[in-house]
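Dropping data.txt in here (compact mmCIF, C-alpha atoms):
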# COMPACT_ATOMS: atom_id res chain seq x y z
CA MET A 1 0.00 0.00 0.00
CA LYS A 2 1.41 3.38 -1.02
CA LYS A 3 2.08 5.76 1.84
CA VAL A 4 0.92 9.37 1.76
CA SER A 5 3.07 12.09 3.31
CA LEU A 6 1.18 14.28 5.79
CA GLY A 7 4.08 16.55 6.75
CA ALA A 8 5.82 17.44 10.02
CA LYS A 9 3.26 17.38 12.81
CA THR A 10 2.41 15.91 16.21
CA LEU A 11 0.24 13.21 14.74
CA VAL A 12 0.52 9.72 16.21
CA PHE A 13 -1.86 7.25 17.86
CA PRO A 14 -2.62 6.43 20.62
CA LEU A 15 -1.87 9.19 23.14
CA PRO A 16 -2.89 9.38 26.81
CA VAL A 17 -5.11 11.96 28.50
CA TRP A 18 -3.92 12.91 31.97
CA CYS A 19 -4.50 15.80 34.34
CA VAL A 20 -1.48 17.36 36.04
CA GLY A 21 -2.13 18.59 39.60
CA THR A 22 -0.01 21.37 41.17
CA TYR A 23 -0.22 24.09 43.80
CA ASP A 24 0.46 27.70 42.93
CA LYS A 25 2.70 29.93 45.06
CA ASN A 26 -0.25 30.82 47.29
CA GLY A 27 -1.26 27.20 47.79
CA LYS A 28 -4.22 27.26 45.40
CA PRO A 29 -4.63 23.83 43.80
CA ASN A 30 -4.71 23.70 40.03
CA VAL A 31 -5.04 21.04 37.39
CA MET A 32 -4.25 21.05 33.67
CA THR A 33 -4.89 18.42 31.01
CA VAL A 34 -2.00 17.06 28.95
CA ALA A 35 -1.57 14.56 26.14
CA TRP A 36 2.12 15.35 25.59
CA GLY A 37 3.64 12.86 28.02
CA GLY A 38 4.59 9.30 28.80
CA ILE A 39 6.65 6.95 30.94
CA CYS A 40 10.34 7.66 30.36
CA SER A 41 12.28 5.36 32.70
CA SER A 42 11.82 2.23 34.80
CA VAL A 43 14.56 2.87 37.40
CA PRO A 44 13.73 5.15 39.02
CA PRO A 45 10.13 4.87 37.79
CA SER A 46 9.64 8.16 35.94
CA ILE A 47 7.04 9.92 33.85
CA ALA A 48 7.44 12.96 31.60
CA VAL A 49 4.93 15.70 30.83
CA SER A 50 5.48 18.71 28.59
CA VAL A 51 4.11 22.15 29.39
CA ARG A 52 4.48 25.53 27.68
CA LYS A 53 6.20 28.29 29.67
CA SER A 54 3.10 30.45 29.36
CA ARG A 55 1.00 27.96 31.33
CA TYR A 56 0.04 28.53 34.95
CA THR A 57 1.18 24.97 35.66
CA TYR A 58 4.70 25.82 34.44
CA ASP A 59 5.23 28.35 37.24
CA ASN A 60 3.75 25.92 39.76
CA LEU A 61 6.06 23.12 38.64
CA MET A 62 9.09 25.37 38.81
CA ALA A 63 8.10 26.63 42.28
CA HIS A 64 7.41 23.30 43.96
CA LYS A 65 9.10 20.68 41.73
CA ALA A 66 6.18 18.36 42.37
CA PHE A 67 3.05 17.21 40.54
CA THR A 68 0.42 14.53 40.40
CA ILE A 69 -0.78 12.62 37.35
CA ASN A 70 -4.53 12.07 37.55
CA VAL A 71 -6.01 9.45 35.22
CA PRO A 72 -9.56 10.43 34.25
CA SER A 73 -12.26 7.87 33.69
CA VAL A 74 -14.72 8.12 30.80
CA GLU A 75 -17.24 9.74 33.15
CA HIS A 76 -14.73 12.59 33.67
CA ALA A 77 -14.20 13.30 29.98
CA ALA A 78 -16.02 16.64 29.99
CA VAL A 79 -14.25 18.07 33.05
CA THR A 80 -10.95 16.77 31.68
CA ASP A 81 -11.60 18.64 28.45
CA TYR A 82 -12.49 21.75 30.47
CA PHE A 83 -9.23 21.49 32.43
CA GLY A 84 -7.40 21.81 29.12
CA MET A 85 -9.36 24.83 27.91
CA VAL A 86 -9.17 27.34 30.79
CA SER A 87 -6.27 28.68 32.83
CA GLY A 88 -5.78 28.61 36.58
CA LYS A 89 -4.70 32.23 36.19
CA HIS A 90 -8.33 33.17 35.79
CA VAL A 91 -10.37 30.50 37.56
CA ASP A 92 -10.24 28.03 40.40
CA LYS A 93 -10.79 24.88 38.37
CA PHE A 94 -11.56 22.71 41.39
CA ALA A 95 -14.16 25.15 42.67
CA GLU A 96 -15.68 25.55 39.21
CA THR A 97 -16.10 21.83 38.66
CA GLY A 98 -16.88 20.78 42.19
CA LEU A 99 -14.04 18.23 42.19
CA THR A 100 -12.01 17.65 45.35
CA PRO A 101 -8.32 18.62 45.66
CA VAL A 102 -6.68 16.13 48.03
CA PRO A 103 -3.19 16.97 49.35
CA GLY A 104 -0.63 14.41 48.17
CA ASP A 105 0.99 12.50 50.97
CA ARG A 106 4.34 12.08 49.23
CA VAL A 107 4.73 15.42 47.42
CA HIS A 108 3.48 18.98 47.71
CA ALA A 109 0.85 18.67 44.99
CA PRO A 110 -2.88 18.01 45.02
CA TYR A 111 -4.65 15.10 43.38
CA ILE A 112 -8.24 14.83 42.21
CA GLY A 113 -10.14 12.77 44.75
CA GLU A 114 -12.77 11.63 42.28
CA PHE A 115 -10.35 10.29 39.63
CA PRO A 116 -9.70 6.53 39.83
CA MET A 117 -5.88 6.47 39.51
CA VAL A 118 -3.27 8.94 40.72
CA LEU A 119 0.55 9.18 40.59
CA GLU A 120 2.56 11.35 42.99
CA CYS A 121 5.73 12.67 41.34
CA LYS A 122 8.83 14.63 42.30
CA VAL A 123 10.46 16.63 39.46
CA THR A 124 13.96 15.27 38.78
CA HIS A 125 14.78 16.78 35.36
CA VAL A 126 13.63 19.84 33.41
CA HIS A 127 14.34 19.74 29.65
CA ASP A 128 13.91 22.67 27.28
CA ILE A 129 12.56 21.26 24.00
CA GLY A 130 11.61 24.23 21.85
CA GLY A 131 8.06 25.37 22.52
CA HIS A 132 7.54 23.02 25.44
CA ILE A 133 9.41 22.37 28.65
CA GLN A 134 9.51 18.70 29.57
CA PHE A 135 9.25 17.87 33.26
CA VAL A 136 10.45 14.43 34.28
CA GLY A 137 8.95 13.26 37.56
CA GLU A 138 10.03 10.33 39.67
CA ILE A 139 6.89 8.35 40.53
CA LEU A 140 6.91 8.05 44.33
CA ASP A 141 3.54 6.38 44.65
CA VAL A 142 0.64 5.10 42.55
CA LYS A 143 -2.79 5.21 44.14
CA THR A 144 -6.07 3.79 43.00
CA ASP A 145 -9.56 3.49 44.40
CA GLU A 146 -10.15 0.28 46.36
CA ASN A 147 -12.95 -0.78 44.04
CA MET A 148 -10.67 -0.45 40.98
CA ILE A 149 -8.48 -3.36 42.11
CA GLY A 150 -9.10 -6.65 40.33
CA GLU A 151 -8.82 -10.17 41.70
CA ASN A 152 -5.12 -10.29 40.75
CA GLY A 153 -4.39 -7.34 43.04
CA LEU A 154 -3.72 -5.00 40.11
CA PRO A 155 -5.79 -2.08 38.85
CA ASP A 156 -8.53 -3.24 36.49
CA ILE A 157 -8.36 -1.18 33.30
CA GLU A 158 -11.99 -2.03 32.48
CA ARG A 159 -13.14 -0.44 35.73
CA ILE A 160 -10.79 2.54 35.49
CA GLN A 161 -11.87 3.26 31.90
CA PRO A 162 -8.98 5.58 30.97
CA ILE A 163 -9.29 7.88 27.98
CA VAL A 164 -7.26 7.77 24.74
CA PHE A 165 -6.57 10.96 22.79
CA GLY A 166 -6.21 11.25 19.05
CA PRO A 167 -4.36 14.46 18.12
CA GLU A 168 -5.30 16.35 14.92
CA ILE A 169 -8.54 14.34 14.77
CA ARG A 170 -9.42 15.82 18.21
CA GLN A 171 -11.03 12.68 19.54
CA TYR A 172 -11.38 11.23 23.00
CA ARG A 173 -11.93 7.49 22.84
CA ARG A 174 -12.42 4.58 25.20
CA VAL A 175 -9.89 1.83 25.73
CA GLY A 176 -11.42 -1.20 24.00
CA GLU A 177 -11.28 -4.98 24.05
CA LEU A 178 -8.32 -7.09 25.09
CA ILE A 179 -6.15 -8.20 22.15
CA GLY A 180 -3.75 -10.40 24.06
CA GLU A 181 -1.08 -10.74 26.71
CA ALA A 182 2.15 -8.76 26.34
CA PHE A 183 5.44 -10.69 26.30
CA ALA A 184 3.42 -13.76 25.33
CA ILE A 185 1.41 -13.50 22.10
CA GLY A 186 4.50 -12.86 19.98
CA LYS A 187 6.47 -15.92 21.01
CA ASP A 188 6.11 -17.69 17.69
CA SER A 189 6.21 -14.68 15.38
CA GLY A 190 9.89 -15.18 14.51
CA GLN A 191 9.09 -18.19 12.38
CA ARG A 192 6.92 -16.52 9.80
CA LYS A 193 9.65 -16.54 7.16
CA LYS A 194 9.31 -20.30 7.07
CA ASP A 195 5.64 -20.25 6.16
CA MET B 1 -13.75 6.27 47.77
CA LYS B 2 -10.62 5.45 49.76
CA LYS B 3 -7.44 5.21 47.71
CA VAL B 4 -5.04 2.28 48.06
CA SER B 5 -1.30 2.87 47.75
CA LEU B 6 0.40 0.57 45.23
CA GLY B 7 3.94 1.91 45.64
CA ALA B 8 6.52 3.44 43.31
CA LYS B 9 6.15 1.85 39.90
CA THR B 10 5.62 2.56 36.22
CA LEU B 11 1.90 1.96 36.40
CA VAL B 12 -0.39 4.33 34.51
CA PHE B 13 -3.01 4.00 31.77
CA PRO B 14 -3.18 4.30 28.82
CA LEU B 15 0.24 3.87 27.18
CA PRO B 16 1.07 3.57 23.49
CA VAL B 17 2.69 0.66 21.67
CA TRP B 18 5.13 1.73 18.97
CA CYS B 19 7.98 0.10 17.09
CA VAL B 20 11.23 2.07 16.73
CA GLY B 21 13.06 1.50 13.45
CA THR B 22 16.83 2.02 13.13
CA TYR B 23 19.81 0.84 11.08
CA ASP B 24 22.83 -0.69 12.74
CA LYS B 25 26.38 0.31 11.86
CA ASN B 26 26.43 -2.20 9.00
CA GLY B 27 23.14 -0.99 7.58
CA LYS B 28 21.04 -3.89 8.89
CA PRO B 29 17.51 -2.66 9.63
CA ASN B 30 16.18 -3.31 13.12
CA VAL B 31 12.99 -2.60 15.01
CA MET B 32 12.20 -2.61 18.73
CA THR B 33 8.89 -2.21 20.53
CA VAL B 34 8.49 0.55 23.12
CA ALA B 35 5.74 1.75 25.43
CA TRP B 36 7.97 4.27 27.25
CA GLY B 37 7.40 7.28 25.03
CA GLY B 38 5.17 10.13 23.99
CA ILE B 39 4.88 13.46 22.21
CA CYS B 40 7.02 16.03 24.04
CA SER B 41 6.78 19.27 22.06
CA SER B 42 4.64 20.95 19.42
CA VAL B 43 7.30 23.32 17.98
CA PRO B 44 9.29 21.67 16.59
CA PRO B 45 6.99 18.65 16.56
CA SER B 46 8.86 16.16 18.71
CA ILE B 47 8.42 12.69 20.14
CA ALA B 48 10.41 10.99 22.91
CA VAL B 49 11.23 7.31 23.32
CA SER B 50 13.27 5.76 26.11
CA VAL B 51 15.71 2.90 25.53
CA ARG B 52 18.14 1.08 27.85
CA LYS B 53 21.85 1.38 27.01
CA SER B 54 22.06 -2.40 26.71
CA ARG B 55 19.64 -2.45 23.77
CA TYR B 56 20.78 -2.90 20.20
CA THR B 57 18.63 0.08 19.26
CA TYR B 58 20.60 2.30 21.65
CA ASP B 59 23.82 1.88 19.66
CA ASN B 60 21.92 2.40 16.41
CA LEU B 61 20.34 5.62 17.70
CA MET B 62 23.69 6.94 18.88
CA ALA B 63 25.34 6.04 15.57
CA HIS B 64 22.81 7.58 13.19
CA LYS B 65 20.74 9.98 15.32
CA ALA B 66 17.65 8.94 13.42
CA PHE B 67 14.66 6.65 13.93
CA THR B 68 11.16 5.91 12.76
CA ILE B 69 8.07 5.42 14.90
CA ASN B 70 5.90 2.67 13.44
CA VAL B 71 2.31 2.44 14.68
CA PRO B 72 1.14 -1.17 14.63
CA SER B 73 -2.43 -2.11 13.85
CA VAL B 74 -4.29 -4.78 15.82
CA GLU B 75 -3.41 -7.32 13.12
CA HIS B 76 0.29 -6.69 13.92
CA ALA B 77 -0.04 -7.30 17.66
CA ALA B 78 1.87 -10.59 17.67
CA VAL B 79 4.85 -9.38 15.63
CA THR B 80 4.89 -6.20 17.71
CA ASP B 81 5.11 -8.30 20.85
CA TYR B 82 7.89 -10.36 19.23
CA PHE B 83 9.84 -7.17 18.39
CA GLY B 84 9.93 -6.44 22.11
CA MET B 85 11.12 -9.90 23.15
CA VAL B 86 14.16 -10.58 20.96
CA SER B 87 17.28 -8.56 20.21
CA GLY B 88 18.63 -7.45 16.86
CA LYS B 89 22.01 -8.58 18.20
CA HIS B 90 20.94 -12.15 17.59
CA VAL B 91 18.33 -12.09 14.83
CA ASP B 92 17.26 -10.13 11.77
CA LYS B 93 13.75 -9.24 12.94
CA PHE B 94 12.55 -8.17 9.51
CA ALA B 95 13.75 -11.41 7.91
CA GLU B 96 12.29 -13.48 10.74
CA THR B 97 8.85 -11.93 10.48
CA GLY B 98 8.71 -11.36 6.75
CA LEU B 99 7.94 -7.67 7.18
CA THR B 100 9.43 -5.12 4.79
CA PRO B 101 12.06 -2.56 5.83
CA VAL B 102 11.53 0.56 3.70
CA PRO B 103 14.28 3.21 3.73
CA GLY B 104 13.01 6.48 5.18
CA ASP B 105 13.07 9.33 2.72
CA ARG B 106 13.78 12.03 5.32
CA VAL B 107 16.14 10.24 7.73
CA HIS B 108 18.57 7.33 7.70
CA ALA B 109 16.23 4.86 9.36
CA PRO B 110 13.93 2.13 8.03
CA TYR B 111 10.19 1.97 8.49
CA ILE B 112 7.89 -1.05 8.40
CA GLY B 113 6.11 -1.06 5.07
CA GLU B 114 3.14 -3.06 6.35
CA PHE B 115 2.35 -0.80 9.34
CA PRO B 116 -0.38 1.80 8.69
CA MET B 117 1.28 4.93 10.20
CA VAL B 118 4.92 5.96 10.32
CA LEU B 119 6.87 8.95 11.67
CA GLU B 120 10.37 9.85 10.46
CA CYS B 121 12.42 11.45 13.24
CA LYS B 122 15.80 13.12 13.67
CA VAL B 123 17.31 12.89 17.18
CA THR B 124 17.65 16.37 18.68
CA HIS B 125 18.20 15.63 22.39
CA VAL B 126 19.56 12.70 24.38
CA HIS B 127 18.62 12.67 28.08
CA ASP B 128 20.09 10.34 30.67
CA ILE B 129 17.26 9.39 33.07
CA GLY B 130 18.57 6.62 35.29
CA GLY B 131 18.06 3.22 33.76
CA HIS B 132 16.80 4.55 30.45
CA ILE B 133 18.16 7.03 27.93
CA GLN B 134 15.47 9.25 26.46
CA PHE B 135 15.83 10.13 22.78
CA VAL B 136 13.87 13.16 21.62
CA GLY B 137 13.22 13.13 17.89
CA GLU B 138 11.99 15.96 15.73
CA ILE B 139 9.16 14.60 13.59
CA LEU B 140 10.13 15.44 10.00
CA ASP B 141 7.26 13.62 8.35
CA VAL B 142 4.18 11.56 9.17
CA LYS B 143 3.14 8.96 6.62
CA THR B 144 0.07 6.82 6.41
CA ASP B 145 -1.37 4.37 3.94
CA GLU B 146 -3.68 5.95 1.36
CA ASN B 147 -6.61 3.81 2.46
CA MET B 148 -6.23 4.97 6.09
CA ILE B 149 -7.23 8.54 5.21
CA GLY B 150 -10.78 9.50 6.11
CA GLU B 151 -13.12 11.87 4.29
CA ASN B 152 -11.76 14.81 6.33
CA GLY B 153 -8.28 14.22 4.93
CA LEU B 154 -6.96 12.99 8.28
CA PRO B 155 -5.95 9.49 9.33
CA ASP B 156 -8.95 7.45 10.45
CA ILE B 157 -8.16 5.91 13.83
CA GLU B 158 -10.84 3.24 13.31
CA ARG B 159 -9.05 2.01 10.20
CA ILE B 160 -5.56 2.28 11.69
CA GLN B 161 -6.59 0.38 14.83
CA PRO B 162 -3.62 1.33 17.01
CA ILE B 163 -2.80 -0.68 20.12
CA VAL B 164 -2.96 0.48 23.74
CA PHE B 165 -0.63 -1.02 26.35
CA GLY B 166 -1.40 -1.53 30.02
CA PRO B 167 1.83 -1.91 32.01
CA GLU B 168 1.91 -4.25 35.05
CA ILE B 169 -1.30 -5.87 33.81
CA ARG B 170 0.59 -6.78 30.57
CA GLN B 171 -2.34 -6.19 28.29
CA TYR B 172 -2.61 -5.08 24.69
CA ARG B 173 -6.00 -3.55 24.00
CA ARG B 174 -7.89 -1.97 21.14
CA VAL B 175 -8.80 1.69 20.97
CA GLY B 176 -12.54 1.76 21.56
CA GLU B 177 -15.57 3.91 20.89
CA LEU B 178 -15.61 7.67 20.47
CA ILE B 179 -16.40 9.55 23.70
CA GLY B 180 -16.49 13.05 22.29
CA GLU B 181 -14.66 15.90 20.62
CA ALA B 182 -11.62 17.42 22.31
CA PHE B 183 -11.69 21.17 23.03
CA ALA B 184 -15.47 21.00 22.78
CA ILE B 185 -17.22 18.62 25.19
CA GLY B 186 -15.91 20.45 28.27
CA LYS B 187 -17.19 23.91 27.38
CA ASP B 188 -19.86 23.96 30.05
CA SER B 189 -18.06 22.01 32.77
CA GLY B 190 -17.02 25.14 34.63
CA GLN B 191 -20.56 25.72 35.85
CA ARG B 192 -21.01 22.58 37.88
CA LYS B 193 -20.55 24.37 41.18
CA LYS B 194 -23.86 26.10 40.54
CA ASP B 195 -25.81 22.88 40.22

What would the structure in this file look like if it were written as structure tokens?
Amino acid sequence: MKKVSLGAKTLVFPLPVWCVGTYDKNGKPNVMTVAWGGICSSVPPSIAVSVRKSRYTYDNLMAHKAFTINVPSVEHAAVTDYFGMVSGKHVDKFAETGLTPVPGDRVHAPYIGEFPMVLECKVTHVHDIGGHIQFVGEILDVKTDENMIGENGLPDIERIQPIVFGPEIRQYRRVGELIGEAFAIGKDSGQRKKD
Amino acid sequence: MKKVSLGAKTLVFPLPVWCVGTYDKNGKPNVMTVAWGGICSSVPPSIAVSVRKSRYTYDNLMAHKAFTINVPSVEHAAVTDYFGMVSGKHVDKFAETGLTPVPGDRVHAPYIGEFPMVLECKVTHVHDIGGHIQFVGEILDVKTDENMIGENGLPDIERIQPIVFGPEIRQYRRVGELIGEAFAIGKDSGQRKKD
């Protein structure tokens, strides 16, 4: 199949949708939605999020070197979208949405009480990458609601119902059906040349 | 709902599944599967992937400062899993799987001809983050198969069928149903306090 060139753009699937929780210099909790981010190291466990310097969250991150990653569920899609459209400079996003800022117990950053999965992170690296500043955070703790834990003791992705983002197409989508087990379904794929 | 602490780990949903294409020093094409990565800047459009120093791909990235991001479709889940389990030090992964290495036309890196979406990237930053080295690549071009383009001229995520990864739970999953439009569905969420 012939490939079509679409040019130089931030277009790739799938991307995450996460909300970054911080305090401002006066202690007001804020939250901002990001899709520019991902896990970036296993040891220490670390996650990166990119933020423009003009964002309220940028000043908060620089002041406290701490943040939370809040994983929204499908039921939080509208507030998550809202958190990406308005600035904490002008509004108190927690007050406006009625969501609950809970003080982190490992870092000086608030998490969203109603969201099903939360990471508490300490900033370890700050990288200037053109228009965005990338903050790398060491993950000090992962928290999830008791009722999101499956029988295997791990978070159940079908209960959490995280949201996938499609850039350019501007779509929020559900995580769908199980395809297979990682580090397992590919075991025999190295023999295809012999078919 | 009370939150349960799960400790310090790389556990967050959703994560992507991408294959990183590189050439080795002898020009042999290689590909490795990653979930530790994400978009990290809009200007210039940039994507980050993290790789351990012990990986074959690490030497290739350092040698040529170029890579491709290959987005697998659900039908490629098994070979994608395989690409994460074996090393190019020992096998020719393209030959073993029968997939086609196509030379990039913007960078010195191969892409997988059969995968529906491909990014060509030039390494612009190399960040040492503990156990992983993070490579930031400027996206020079995005390519997709002609039949993956929807009526709006953009890639159709339902045709591409990218794969979502759940770490710790070791699951590959489909991207599911549309929830709503980004930068739109949250417009009225700032009024909830008045309810």

Quiz item: What is the atom CA of Ser87 of chain A to atom CA of Asp128 of chain A distance in Å?
Solution: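 Those two atoms sit 21.8 Å apart.
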
Practice problem: Tell me which protein, DNA and RNA residues are within 10 Å of segment 159-166 of chain A, counting all atoms listed in the file, leaving out same-chain ones fewer than 5 positions away, and put them as a ChimeraX atom specification. | Solution: /A:11-18,34-35,71-77,80,115-117,144-145,147-150,171-176 /B:12-16,155-157,164,175-179,181-182

Would you give me, as CSV, each residue of segment 69-141 of chain A having an atom within 12 Å of an atom of segment 43-62 of chain B, along with its shortest atom pair and that distance in Å to one decimal, using only C-alpha atoms and sorting by chain and residue number?
residue,atom,partner,partner_atom,distance
A:His127,CA,B:Ala48,CA,11.7
A:Asp128,CA,B:Val43,CA,11.4
A:Ile129,CA,B:Pro44,CA,8.1
A:Gly130,CA,B:Val43,CA,5.9
A:Gly131,CA,B:Val43,CA,5.0
A:His132,CA,B:Val43,CA,7.5
A:Ile133,CA,B:Val43,CA,10.9
A:Gln134,CA,B:Ala48,CA,10.2
A:Val136,CA,B:Ala48,CA,11.9

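Of the listed residues A:Gly153, A:Gly190, A:Gly137, A:Gly21, the one whose atoms come nearest to Ala95 of chain B is A:Gly190, with distances taken using only C-alpha atoms.
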
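As for atom CA of Leu99 of chain B and atom CA of Gln191 of chain A, they are spaced 11.8 Å apart.
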
Self-check item: atom CA of Ala78 of chain A to atom CA of Gly37 of chain B, distance in Å rounded to a single decimal
Solution: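 Here the two named atoms are 25.7 Å from each other.
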
Self-check item: Selection near Met85 of chain A, 9 Å with only C-alpha atoms, sequence-local residues under 4 positions removed, as an MDAnalysis selection string
Solution: (chainID A and resid 32:33 81) or (chainID B and resid 183:184 186:187)

Quiz item: Using only C-alpha atoms, which of the listed residues (A:Lys28, A:Lys122, A:Lys3, A:His64) sits closest to chain B?
Solution: A:Lys3

Quiz item: Smallest atom-to-atom distance to Thr124 of chain A: which of A:Thr10, A:Asn30, A:Ser41, A:Ser5, using all atoms listed in the file?
Solution: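 Counting all atoms listed in the file, the residue closest to Thr124 of chain A is A:Ser41.
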
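Of the listed residues (A:Pro110, A:Pro167, A:Pro29, A:Pro101), A:Pro167 comes nearest to chain B; the distances count all atoms listed in the file.
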
Quiz prompt | Sel. within 6 Å of pt (10.1, 16.0, 13.6), counting only C-alpha atoms, output as a ChimeraX atom specification | solution = /A:8 /B:45-46,121,138-140

Export N, CA, C and O atoms of segment 148-165 of chain A from the structure just given, as an mmCIF file, in the first residue's frame?
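Saved as decode_17.cif:
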data_model
loop_
_atom_site.group_PDB
_atom_site.id
_atom_site.type_symbol
_atom_site.label_atom_id
_atom_site.label_comp_id
_atom_site.auth_asym_id
_atom_site.auth_seq_id
_atom_site.Cartn_x
_atom_site.Cartn_y
_atom_site.Cartn_z
ATOM 1 N N MET A 148 -11.277 -0.334 42.311
ATOM 2 C CA MET A 148 -10.672 -0.451 40.975
ATOM 3 C C MET A 148 -9.670 -1.604 40.914
ATOM 4 O O MET A 148 -9.085 -1.876 39.872
ATOM 5 N N ILE A 149 -9.445 -2.256 42.049
ATOM 6 C CA ILE A 149 -8.480 -3.358 42.107
ATOM 7 C C ILE A 149 -9.160 -4.665 41.715
ATOM 8 O O ILE A 149 -10.214 -5.005 42.247
ATOM 9 N N GLY A 150 -8.549 -5.372 40.772
ATOM 10 C CA GLY A 150 -9.096 -6.650 40.332
ATOM 11 C C GLY A 150 -8.684 -7.793 41.240
ATOM 12 O O GLY A 150 -7.978 -7.600 42.234
ATOM 13 N N GLU A 151 -9.102 -8.982 40.867
ATOM 14 C CA GLU A 151 -8.815 -10.167 41.695
ATOM 15 C C GLU A 151 -7.327 -10.498 41.768
ATOM 16 O O GLU A 151 -6.876 -11.150 42.700
ATOM 17 N N ASN A 152 -6.566 -10.036 40.745
ATOM 18 C CA ASN A 152 -5.123 -10.288 40.745
ATOM 19 C C ASN A 152 -4.336 -9.250 41.552
ATOM 20 O O ASN A 152 -3.104 -9.248 41.545
ATOM 21 N N GLY A 153 -5.051 -8.349 42.229
ATOM 22 C CA GLY A 153 -4.387 -7.342 43.044
ATOM 23 C C GLY A 153 -3.891 -6.134 42.267
ATOM 24 O O GLY A 153 -3.287 -5.223 42.838
ATOM 25 N N LEU A 154 -4.151 -6.122 40.952
ATOM 26 C CA LEU A 154 -3.719 -5.004 40.108
ATOM 27 C C LEU A 154 -4.927 -4.164 39.691
ATOM 28 O O LEU A 154 -6.061 -4.646 39.698
ATOM 29 N N PRO A 155 -4.677 -2.908 39.318
ATOM 30 C CA PRO A 155 -5.794 -2.081 38.848
ATOM 31 C C PRO A 155 -6.453 -2.720 37.626
ATOM 32 O O PRO A 155 -5.765 -3.227 36.743
ATOM 33 N N ASP A 156 -7.748 -2.667 37.580
ATOM 34 C CA ASP A 156 -8.528 -3.245 36.491
ATOM 35 C C ASP A 156 -8.831 -2.140 35.481
ATOM 36 O O ASP A 156 -9.606 -1.224 35.760
ATOM 37 N N ILE A 157 -8.227 -2.245 34.300
ATOM 38 C CA ILE A 157 -8.359 -1.179 33.302
ATOM 39 C C ILE A 157 -9.803 -1.049 32.813
ATOM 40 O O ILE A 157 -10.225 0.027 32.390
ATOM 41 N N GLU A 158 -10.583 -2.115 32.906
ATOM 42 C CA GLU A 158 -11.990 -2.034 32.480
ATOM 43 C C GLU A 158 -12.844 -1.269 33.479
ATOM 44 O O GLU A 158 -13.887 -0.727 33.133
ATOM 45 N N ARG A 159 -12.416 -1.248 34.740
ATOM 46 C CA ARG A 159 -13.142 -0.443 35.730
ATOM 47 C C ARG A 159 -12.652 1.008 35.688
ATOM 48 O O ARG A 159 -13.432 1.938 35.856
ATOM 49 N N ILE A 160 -11.356 1.183 35.515
ATOM 50 C CA ILE A 160 -10.788 2.539 35.493
ATOM 51 C C ILE A 160 -11.273 3.317 34.280
ATOM 52 O O ILE A 160 -11.535 4.510 34.366
ATOM 53 N N GLN A 161 -11.406 2.633 33.144
ATOM 54 C CA GLN A 161 -11.870 3.262 31.901
ATOM 55 C C GLN A 161 -11.102 4.527 31.547
ATOM 56 O O GLN A 161 -11.683 5.616 31.450
ATOM 57 N N PRO A 162 -9.773 4.401 31.354
ATOM 58 C CA PRO A 162 -8.983 5.581 30.975
ATOM 59 C C PRO A 162 -9.366 6.058 29.574
ATOM 60 O O PRO A 162 -10.052 5.340 28.828
ATOM 61 N N ILE A 163 -8.915 7.244 29.247
ATOM 62 C CA ILE A 163 -9.288 7.883 27.977
ATOM 63 C C ILE A 163 -8.071 7.967 27.061
ATOM 64 O O ILE A 163 -6.978 8.313 27.494
ATOM 65 N N VAL A 164 -8.288 7.655 25.781
ATOM 66 C CA VAL A 164 -7.261 7.770 24.744
ATOM 67 C C VAL A 164 -7.526 9.039 23.946
ATOM 68 O O VAL A 164 -8.674 9.365 23.641
ATOM 69 N N PHE A 165 -6.446 9.744 23.597
ATOM 70 C CA PHE A 165 -6.573 10.959 22.791
ATOM 71 C C PHE A 165 -6.009 10.723 21.396
ATOM 72 O O PHE A 165 -4.963 10.102 21.234
#
